[in-house]
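File shown: input-v5.txt (compact mmCIF, C-alpha atoms).
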```txt
# COMPACT_ATOMS: atom_id res chain seq x y z
CA MET A 698 16.05 30.09 0.97
CA SER A 699 19.09 27.90 1.42
CA SER A 700 18.53 27.78 5.15
CA LEU A 701 15.01 26.47 4.72
CA LEU A 702 16.01 23.24 3.05
CA THR A 703 19.30 21.43 2.90
CA ILE A 704 19.16 19.29 -0.19
CA PRO A 705 21.98 16.72 -0.36
CA GLU A 706 24.59 17.25 -3.06
CA HIS A 707 23.87 14.03 -4.94
CA VAL A 708 20.21 15.02 -5.24
CA ARG A 709 21.00 18.54 -6.39
CA THR A 710 23.33 17.30 -9.12
CA SER A 711 21.25 14.33 -10.22
CA PRO A 712 19.66 14.22 -13.69
CA ALA A 713 16.62 16.47 -14.09
CA GLY A 714 14.42 13.47 -14.79
CA VAL A 715 14.66 12.16 -11.24
CA ALA A 716 11.38 12.89 -9.48
CA GLY A 717 9.87 11.85 -6.26
CA VAL A 718 13.03 10.78 -4.47
CA VAL A 719 12.22 10.24 -0.82
CA LEU A 720 14.70 11.28 1.83
CA HIS A 721 14.73 11.09 5.56
CA ALA A 722 14.62 14.44 7.31
CA ARG A 723 14.39 16.10 10.67
CA PRO A 724 14.27 19.72 11.78
CA GLN A 725 17.53 21.60 11.29
CA GLU A 726 17.87 22.56 14.95
CA THR A 727 18.24 18.97 16.05
CA ALA A 728 20.59 18.22 13.19
CA LYS A 729 23.10 20.77 14.49
CA ASP A 730 23.40 18.96 17.78
CA GLY A 731 25.20 16.09 16.16
CA ALA A 732 24.36 14.13 13.06
CA GLU A 733 25.51 10.91 14.71
CA THR A 734 22.55 10.80 17.09
CA LEU A 735 20.05 10.77 14.22
CA PRO A 736 18.01 7.69 15.23
CA GLY A 737 17.27 9.26 18.61
CA SER A 738 15.54 12.27 17.14
CA SER A 739 11.84 12.20 17.87
CA ILE A 740 10.67 14.43 15.04
CA GLU A 741 11.37 12.77 11.75
CA PHE A 742 9.88 13.12 8.32
CA ALA A 743 10.10 11.56 4.93
CA VAL A 744 10.49 14.23 2.27
CA LYS A 745 9.56 13.58 -1.33
CA ILE A 746 11.48 15.93 -3.54
CA PHE A 747 10.45 17.34 -6.91
CA ARG A 748 12.23 19.91 -9.05
CA SER A 749 10.19 23.05 -9.57
CA SER A 750 9.81 21.98 -13.21
CA GLN A 751 7.79 19.06 -11.83
CA LEU A 752 5.51 21.36 -9.85
CA ASN A 753 2.39 19.81 -11.40
CA ASP A 754 3.39 16.29 -10.35
CA ALA A 755 4.09 17.47 -6.81
CA GLU A 756 0.83 19.35 -6.52
CA HIS A 757 -1.13 16.44 -7.98
CA GLU A 758 0.30 14.07 -5.40
CA ALA A 759 -0.32 16.55 -2.59
CA LYS A 760 -3.93 16.88 -3.68
CA MET A 761 -4.39 13.10 -3.80
CA LEU A 762 -2.82 12.71 -0.35
CA ARG A 763 -5.17 15.32 1.06
CA CYS A 764 -8.09 13.25 -0.26
CA GLY A 765 -6.84 10.41 1.93
CA GLU A 766 -6.56 12.65 4.98
CA GLY A 767 -8.25 11.24 8.02
CA SER A 768 -7.52 7.61 7.21
CA ARG A 769 -4.83 6.11 9.39
CA HIS A 770 -3.98 3.85 6.47
CA ILE A 771 -2.83 6.66 4.18
CA VAL A 772 0.49 8.34 4.83
CA THR A 773 0.05 11.85 6.29
CA LEU A 774 1.13 14.91 4.33
CA HIS A 775 2.33 17.49 6.85
CA GLU A 776 3.31 20.32 4.60
CA VAL A 777 4.34 21.30 1.09
CA VAL A 778 7.54 23.37 1.01
CA TYR A 779 8.30 25.50 -2.04
CA THR A 780 11.71 26.93 -2.83
CA LEU A 781 13.03 28.47 -6.02
CA ASP A 782 14.34 25.14 -7.34
CA TRP A 783 12.41 22.52 -5.38
CA VAL A 784 8.99 21.44 -4.22
CA CYS A 785 9.03 19.12 -1.24
CA LEU A 786 6.23 17.05 0.22
CA VAL A 787 6.89 16.69 3.92
CA LEU A 788 5.42 13.33 4.85
CA GLU A 789 4.99 11.12 7.87
CA PHE A 790 8.11 9.01 8.37
CA CYS A 791 7.50 5.26 8.59
CA PRO A 792 10.69 3.70 9.98
CA ASN A 793 9.92 0.06 9.29
CA GLY A 794 10.18 0.17 5.53
CA SER A 795 7.67 -1.31 3.10
CA LEU A 796 5.94 -4.66 2.78
CA HIS A 797 8.32 -5.32 -0.09
CA ASP A 798 11.19 -5.26 2.40
CA ARG A 799 9.36 -7.74 4.58
CA LEU A 800 8.06 -10.25 2.04
CA MET B 969 9.76 24.61 8.66
CA ALA B 970 13.52 24.20 8.32
CA LEU B 971 14.55 20.69 7.41
CA TYR B 972 17.83 18.92 7.16
CA MET B 973 17.88 15.98 4.82
CA THR B 974 20.24 13.10 5.09
CA GLY B 975 21.39 11.31 1.98
CA SER B 976 19.32 8.76 0.19
CA ASP B 977 20.84 5.78 -1.54
CA PRO B 978 23.00 7.35 -4.29
CA ALA B 979 22.83 4.17 -6.39
CA ALA B 980 19.08 4.53 -6.57
CA MET B 981 19.42 8.10 -7.78
CA LYS B 982 21.22 7.05 -10.94
CA SER B 983 18.23 5.32 -12.43
CA PRO B 984 15.86 8.01 -13.71
CA SER B 985 12.91 5.62 -13.76
CA THR B 986 13.14 4.99 -10.04
CA THR B 987 10.38 6.63 -8.08
CA THR B 988 10.20 4.10 -5.26
CA THR B 989 10.77 5.00 -1.66
CA HIS B 990 14.35 5.17 -0.55
CA ILE B 991 14.92 6.10 3.02
CA ASP B 992 18.33 6.96 4.35
CA PRO B 993 20.41 3.75 4.44
CA CYS B 994 21.36 4.32 8.06
CA PHE B 995 17.79 3.41 8.93
CA ARG B 996 17.89 -0.02 7.41
CA GLY B 997 18.65 -1.37 10.87
CA GLY B 998 15.18 -0.33 11.97
CA ARG B 999 13.54 -2.34 9.27
CA LEU B 1000 11.74 -5.56 9.94
CA SER B 1001 13.48 -8.71 8.89
CA LYS B 1002 12.74 -10.16 5.50
CA LEU B 1003 11.10 -13.54 5.44
CA ASP B 1004 12.74 -16.57 3.92
CA VAL B 1005 11.30 -17.93 0.71
CA GLY B 1006 8.20 -20.01 1.40
CA GLN B 1007 7.73 -18.60 4.89
CA LEU B 1008 4.54 -16.75 5.81
CA LEU B 1009 3.97 -13.86 8.20
CA PRO B 1010 2.25 -14.60 11.53
CA GLU B 1011 -1.54 -14.93 11.21
CA MET B 1012 -2.34 -11.72 13.04
CA GLU B 1013 0.09 -9.71 10.95
CA GLN B 1014 -1.39 -11.10 7.74
CA GLU B 1015 -4.83 -10.13 8.97
CA ASN B 1016 -3.80 -6.61 9.98
CA ILE B 1017 -2.01 -5.99 6.70
CA VAL B 1018 -4.88 -7.15 4.50
CA HIS B 1019 -7.37 -5.21 6.63
CA GLY B 1020 -5.20 -2.07 6.52
CA MET B 1021 -4.73 -2.32 2.77
CA LEU B 1022 -8.48 -2.52 2.23
CA ALA B 1023 -9.30 0.19 4.79
CA GLY B 1024 -6.78 2.53 3.13
CA ILE B 1025 -8.06 2.14 -0.41
CA SER B 1026 -11.63 2.17 0.84
CA ALA B 1027 -10.97 5.62 2.35
CA LEU B 1028 -9.44 6.82 -0.92
CA HIS B 1029 -12.30 5.39 -2.96
CA SER B 1030 -14.91 7.09 -0.84
CA ALA B 1031 -12.99 10.35 -1.30
CA GLY B 1032 -13.27 9.80 -5.04
CA VAL B 1033 -9.67 8.74 -5.67
CA VAL B 1034 -8.24 5.58 -7.26
CA HIS B 1035 -4.68 4.70 -6.18
CA LEU B 1036 -3.60 2.90 -9.39
CA ASP B 1037 -0.17 1.94 -8.09
CA ILE B 1038 -0.97 -0.67 -5.47
CA LYS B 1039 2.19 -2.71 -4.84
CA LYS B 1040 4.23 -3.91 -1.91
CA ASP B 1041 6.79 -1.09 -2.21
CA ASN B 1042 4.01 1.43 -1.66
CA LEU B 1043 2.71 -0.13 1.52
CA LEU B 1044 4.62 1.16 4.52
CA LEU B 1045 4.74 -0.75 7.78
CA ILE B 1046 4.52 1.30 10.94
CA ARG B 1047 5.43 -1.33 13.45
CA ASP B 1048 5.61 -5.08 13.58
CA THR B 1049 1.96 -5.39 14.59
CA GLY B 1050 1.03 -4.78 11.01
CA LEU B 1051 -0.36 -1.22 10.99
CA VAL B 1052 0.10 -0.25 7.36
CA LYS B 1053 -0.15 2.92 5.29
CA TRP B 1054 -0.31 3.51 1.58
CA CYS B 1055 2.17 5.97 0.19
CA ASP B 1056 3.12 7.22 -3.28
CA LEU B 1057 -0.08 8.61 -4.66
CA GLY B 1058 1.72 9.95 -7.72
CA GLU B 1059 -0.27 7.69 -10.06
CA ALA B 1060 -3.55 8.26 -8.24
CA ARG B 1061 -6.48 9.75 -10.15
CA GLU B 1062 -9.68 11.43 -9.22
CA LEU B 1063 -12.72 9.47 -10.32
CA PRO B 1064 -14.29 10.90 -13.46
CA GLU B 1065 -17.76 12.40 -13.43
CA LEU B 1066 -20.56 9.93 -13.22
CA GLU B 1067 -21.45 9.87 -16.91
CA ASP B 1068 -18.65 7.31 -17.34
CA GLU B 1069 -19.94 4.42 -15.37
CA ASP B 1070 -20.40 0.69 -15.60
CA SER B 1071 -23.71 -1.08 -15.17
CA HIS B 1072 -23.35 -0.88 -11.39
CA GLY B 1073 -23.04 2.88 -11.41
CA ARG B 1074 -19.32 2.85 -10.72
CA SER B 1075 -17.03 5.36 -12.36
CA VAL B 1076 -14.63 3.90 -14.85
CA PHE B 1077 -11.72 5.26 -16.85
CA ASP B 1078 -10.78 4.45 -20.37
CA THR B 1079 -7.15 3.26 -20.38
CA ASP B 1080 -6.54 5.48 -23.44
CA GLU B 1081 -6.39 8.33 -20.94
CA PHE B 1082 -3.17 6.97 -19.50
CA GLU B 1083 -0.23 8.43 -21.37
CA GLY B 1084 2.48 6.29 -19.82
CA GLY B 1085 0.81 3.02 -20.83
CA MET B 1086 -1.46 0.83 -18.74
CA PRO B 1087 -1.58 1.59 -15.03
CA TYR B 1088 -0.13 -0.90 -12.52
CA VAL B 1089 2.85 -3.20 -12.68
CA LEU B 1090 2.16 -6.39 -14.63
CA SER B 1091 1.59 -8.74 -11.70
CA ARG B 1092 -0.90 -6.39 -10.02
CA ARG B 1093 -2.85 -5.46 -13.14
CA ALA B 1094 -6.53 -6.42 -13.05
CA PRO B 1095 -7.82 -8.25 -16.12
CA GLU B 1096 -10.29 -5.54 -17.16
CA ILE B 1097 -7.45 -3.04 -17.57
CA ARG B 1098 -6.36 -5.08 -20.58
CA ASN B 1099 -9.82 -4.47 -22.01
CA GLY B 1100 -9.43 -0.76 -21.55
CA LEU B 1101 -11.30 -0.23 -18.30
CA VAL B 1102 -9.96 1.02 -14.98
CA SER B 1103 -12.02 1.62 -11.86
CA THR B 1104 -11.79 1.53 -8.08
CA LEU B 1105 -12.21 -2.24 -8.42
CA SER B 1106 -8.86 -2.43 -10.19
CA ASP B 1107 -7.33 -1.32 -6.87
CA VAL B 1108 -9.25 -4.13 -5.18
CA TRP B 1109 -7.78 -6.72 -7.54
CA ALA B 1110 -4.29 -5.42 -6.85
CA VAL B 1111 -4.86 -5.69 -3.10
CA GLY B 1112 -6.08 -9.23 -3.75
CA THR B 1113 -2.82 -10.16 -5.46
CA ILE B 1114 -0.88 -8.97 -2.40
CA ALA B 1115 -3.26 -10.83 -0.09
CA ALA B 1116 -2.65 -14.00 -2.13
CA GLU B 1117 1.07 -13.56 -1.54
CA LEU B 1118 0.50 -13.11 2.18
CA PHE B 1119 -1.77 -16.15 2.48
CA THR B 1120 0.14 -18.68 0.42
CA PRO B 1121 3.78 -19.54 -0.14
CA TRP B 1122 3.07 -20.03 -3.84
CA ASN B 1123 3.21 -17.48 -6.61
CA LEU B 1124 -0.36 -17.60 -7.76
CA LEU B 1125 -0.23 -14.43 -9.81
CA LEU B 1126 3.37 -13.48 -10.43
CA GLY B 1127 3.79 -13.95 -14.15
CA LEU B 1128 7.07 -13.11 -15.78
CA ASP B 1129 5.43 -11.70 -18.88
CA GLU B 1130 2.01 -10.79 -20.19
CA THR B 1131 1.33 -14.25 -21.67
CA GLU B 1132 2.16 -16.06 -18.46
CA GLN B 1133 0.22 -13.51 -16.45
CA LEU B 1134 -2.93 -14.10 -18.50
CA LYS B 1135 -2.56 -17.86 -18.05
CA LEU B 1136 -2.21 -17.44 -14.30
CA ILE B 1137 -5.29 -15.22 -14.14
CA GLU B 1138 -7.28 -17.76 -16.13
CA ALA B 1139 -6.08 -20.64 -13.95
CA LEU B 1140 -6.68 -18.77 -10.68
CA PRO B 1141 -10.22 -19.98 -9.83
CA LYS B 1142 -9.09 -23.60 -10.26
CA ALA B 1143 -5.90 -22.99 -8.32
CA LEU B 1144 -7.87 -21.54 -5.41
CA GLU B 1145 -10.34 -24.40 -5.56
CA SER B 1146 -7.62 -27.04 -5.42
CA LEU B 1147 -5.90 -25.27 -2.51
CA HIS B 1148 -9.27 -25.31 -0.80
CA GLN B 1149 -9.82 -29.01 -1.51
CA ALA B 1150 -6.38 -29.86 -0.22
CA GLY B 1151 -7.02 -27.85 2.93
CA GLU B 1152 -3.89 -25.79 2.26
CA ILE B 1153 -5.55 -22.45 3.03
CA GLU B 1154 -8.28 -21.65 5.50
CA PRO B 1155 -11.71 -21.41 3.85
CA LEU B 1156 -12.22 -17.84 5.07
CA LYS B 1157 -9.06 -16.74 3.28
CA ILE B 1158 -10.15 -18.53 0.10
CA GLU B 1159 -13.49 -16.77 0.34
CA LEU B 1160 -11.80 -13.39 0.66
CA LEU B 1161 -9.39 -14.08 -2.22
CA GLU B 1162 -12.27 -15.18 -4.43
CA ALA B 1163 -14.11 -11.93 -3.69
CA LEU B 1164 -11.06 -9.72 -4.35
CA LEU B 1165 -9.66 -11.67 -7.28
CA CYS B 1166 -12.82 -12.08 -9.28
CA SER B 1167 -11.94 -11.64 -12.97
CA ASP B 1168 -15.22 -9.89 -13.70
CA PRO B 1169 -14.98 -6.42 -12.10
CA GLU B 1170 -18.76 -6.21 -11.88
CA ALA B 1171 -18.85 -9.27 -9.65
CA ARG B 1172 -15.78 -8.23 -7.63
CA SER B 1173 -16.23 -6.98 -4.07
CA SER B 1174 -15.63 -3.33 -3.27
CA ALA B 1175 -12.95 -2.56 -0.66
CA GLN B 1176 -15.63 -1.43 1.76
CA ALA B 1177 -17.69 -4.60 1.36
CA ALA B 1178 -14.63 -6.84 1.68
CA LEU B 1179 -13.92 -5.34 5.11
CA SER B 1180 -17.07 -6.89 6.51
CA MET B 1181 -16.32 -10.39 5.24
CA PRO B 1182 -16.11 -13.27 7.75
CA TYR B 1183 -12.30 -13.42 7.52
CA PHE B 1184 -12.12 -10.19 9.54
CA GLU B 1185 -14.67 -11.34 12.11
CA ALA B 1186 -12.01 -12.50 14.58
CA LYS B 1187 -10.25 -9.13 14.29
CA ARG B 1188 -13.52 -7.25 14.84
CA GLU B 1189 -14.27 -9.34 17.92
CA ARG B 1190 -10.78 -8.80 19.32
CA GLU B 1191 -11.06 -5.05 18.82
CA ALA B 1192 -14.55 -4.86 20.31
CA ALA B 1193 -13.31 -6.85 23.29
CA ALA B 1194 -10.31 -4.54 23.72
CA THR B 1195 -12.48 -1.40 23.83
CA THR B 1196 -15.05 -2.89 26.24
CA PRO B 1197 -13.15 -5.05 28.71
CA GLN B 1198 -16.25 -5.88 30.78
CA ARG B 1199 -18.07 -7.40 27.88
CA LYS B 1200 -15.02 -9.45 27.11
CA VAL B 1201 -15.23 -11.20 30.46
CA LEU B 1202 -18.93 -11.94 30.11
CA LYS B 1203 -18.50 -13.22 26.61
CA ALA B 1204 -15.59 -15.41 27.57
CA ARG B 1205 -17.74 -17.10 30.20
CA ARG B 1206 -20.61 -17.76 27.85
CA THR B 1207 -18.51 -19.22 25.07
CA PRO B 1208 -15.80 -21.23 26.80
CA LYS B 1209 -13.59 -21.70 23.80
CA GLY B 1210 -14.16 -19.27 20.99
CA THR B 1211 -11.45 -20.78 18.85
CA PRO B 1212 -11.28 -19.19 15.44
CA LYS B 1213 -11.84 -21.43 12.47
CA LEU B 1214 -8.33 -22.63 11.78
CA GLY B 1215 -7.05 -25.54 9.80
CA PRO B 1216 -8.96 -27.62 7.28
CA ALA B 1217 -12.68 -27.05 7.54
CA PRO B 1218 -15.51 -28.98 5.92
CA LEU B 1219 -16.16 -28.18 2.31
CA PRO B 1220 -19.19 -26.04 1.57
CA ALA B 1221 -22.24 -27.93 0.41
```

Written as structure tokens, that's how I'd like the structure from this file.
Amino acid sequence: MSSLLTIPEHVRTSPAGVAGVVLHARPQETAKDGAETLPGSSIEFAVKIFRSSQLNDAEHEAKMLRCGEGSRHIVTLHEVVYTLDWVCLVLEFCPNGSLHDRL
Amino acid sequence: MALYMTGSDPAAMKSPSTTTTHIDPCFRGGRLSKLDVGQLLPEMEQENIVHGMLAGISALHSAGVVHLDIKKDNLLLIRDTGLVKWCDLGEARELPELEDEDSHGRSVFDTDEFEGGMPYVLSRRAPEIRNGLVSTLSDVWAVGTIAAELFTPWNLLLGLDETEQLKLIEALPKALESLHQAGEIEPLKIELLEALLCSDPEARSSAQAALSMPYFEAKREREAAATTPQRKVLKARRTPKGTPKLGPAPLPA
């Protein structure tokens, strides 16, 4: 299981109440080539992480996102990844930030 | 799928209430620049953002889902042209069965159903939510508050507390009217804001209906012209200067 997902240390050790933290991710193969060249990687994802105790929250959000499937104005859910301790929503990565960052 | 995750902002992790989007700090460089206070986005970007916001929630609404957490942090920008996408559907709800409906046959929720208090952040909260009703039109109001921020350099609806917020909501029709009189905002934008920010949810426009309002006409024409280049040429000849209605326009009768 540990090879499937590399969860950063500060997320693993954070308080149990933290849900829905979004991290930037790319496939492990490209990561091995050199972490410094990260921005050049073409396959990137945003991953929203839930503890398995928050399984219901994660599955609710996944269900809602699937309802928005097909609209180019709703972020795409690629996959839901389950491990023993975590549930991860693998989402489309939007590199330009949010409107809040702009306005 | 094997994934490697880079670190998020550790400072953000410390606050348990934080559920907003935090992308790896090393990507901040790719972000679009923040505007100065009082500055507005370019016209076309404003138009694309408002259109995208409405198209997104319209798609959700027709799939039977209300977003309920419409705010600027949850609207992601794809590139500087203004293609936008809603994210964070954690607060979203499926519409209840049709026995709970208002006089227009729209599904509504009772706010008592919401355990964590009223949905929406204060400045995006539609007035009817305070009376215990939530519907797809509450999403429309919230989009309207963001549109108002895009269209004007003034804080029309950003109250610091509930009391101030209610005053701002009450004063809004007059505020829009005086901006109109003064020619500060284009009439088509005023018209759109009035449709989205109508205090009475039953008189408020749906997201779908708002998309066909005259404000988006120029965008529709541009897109139609882009897909059929031949027609564009013909049209350009017939109407020598199809200048969009900009600047102060005559008041409606």

Provide the atom CA of B:Gly1032 to atom CA of A:Gly765 distance in Å, to one decimal place. 9.5 Å

Interatomic distance between atom CA of B:Thr1131 and atom CA of A:His797? 24.4 Å

Suppose you want the space between atom CA of B:Ser1103 and atom CA of B:Leu1156; what is it in Å?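 So the two atoms, atom CA of B:Ser1103 and atom CA of B:Leu1156, lie 25.8 Å apart.
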
Mind checking which residues fall within 7 Å of stretch 743-759 of chain A, counting only C-alpha atoms, ignoring those fewer than 3 positions away in the same chain, and posting them as a count of residues only? 20

In terms of the shortest atom-to-atom distance over only C-alpha atoms, which of B:Glu1117, B:Phe1082, B:Gly1112, B:Val1102 is closest to chain A?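 The closest residue to chain A is B:Glu1117.
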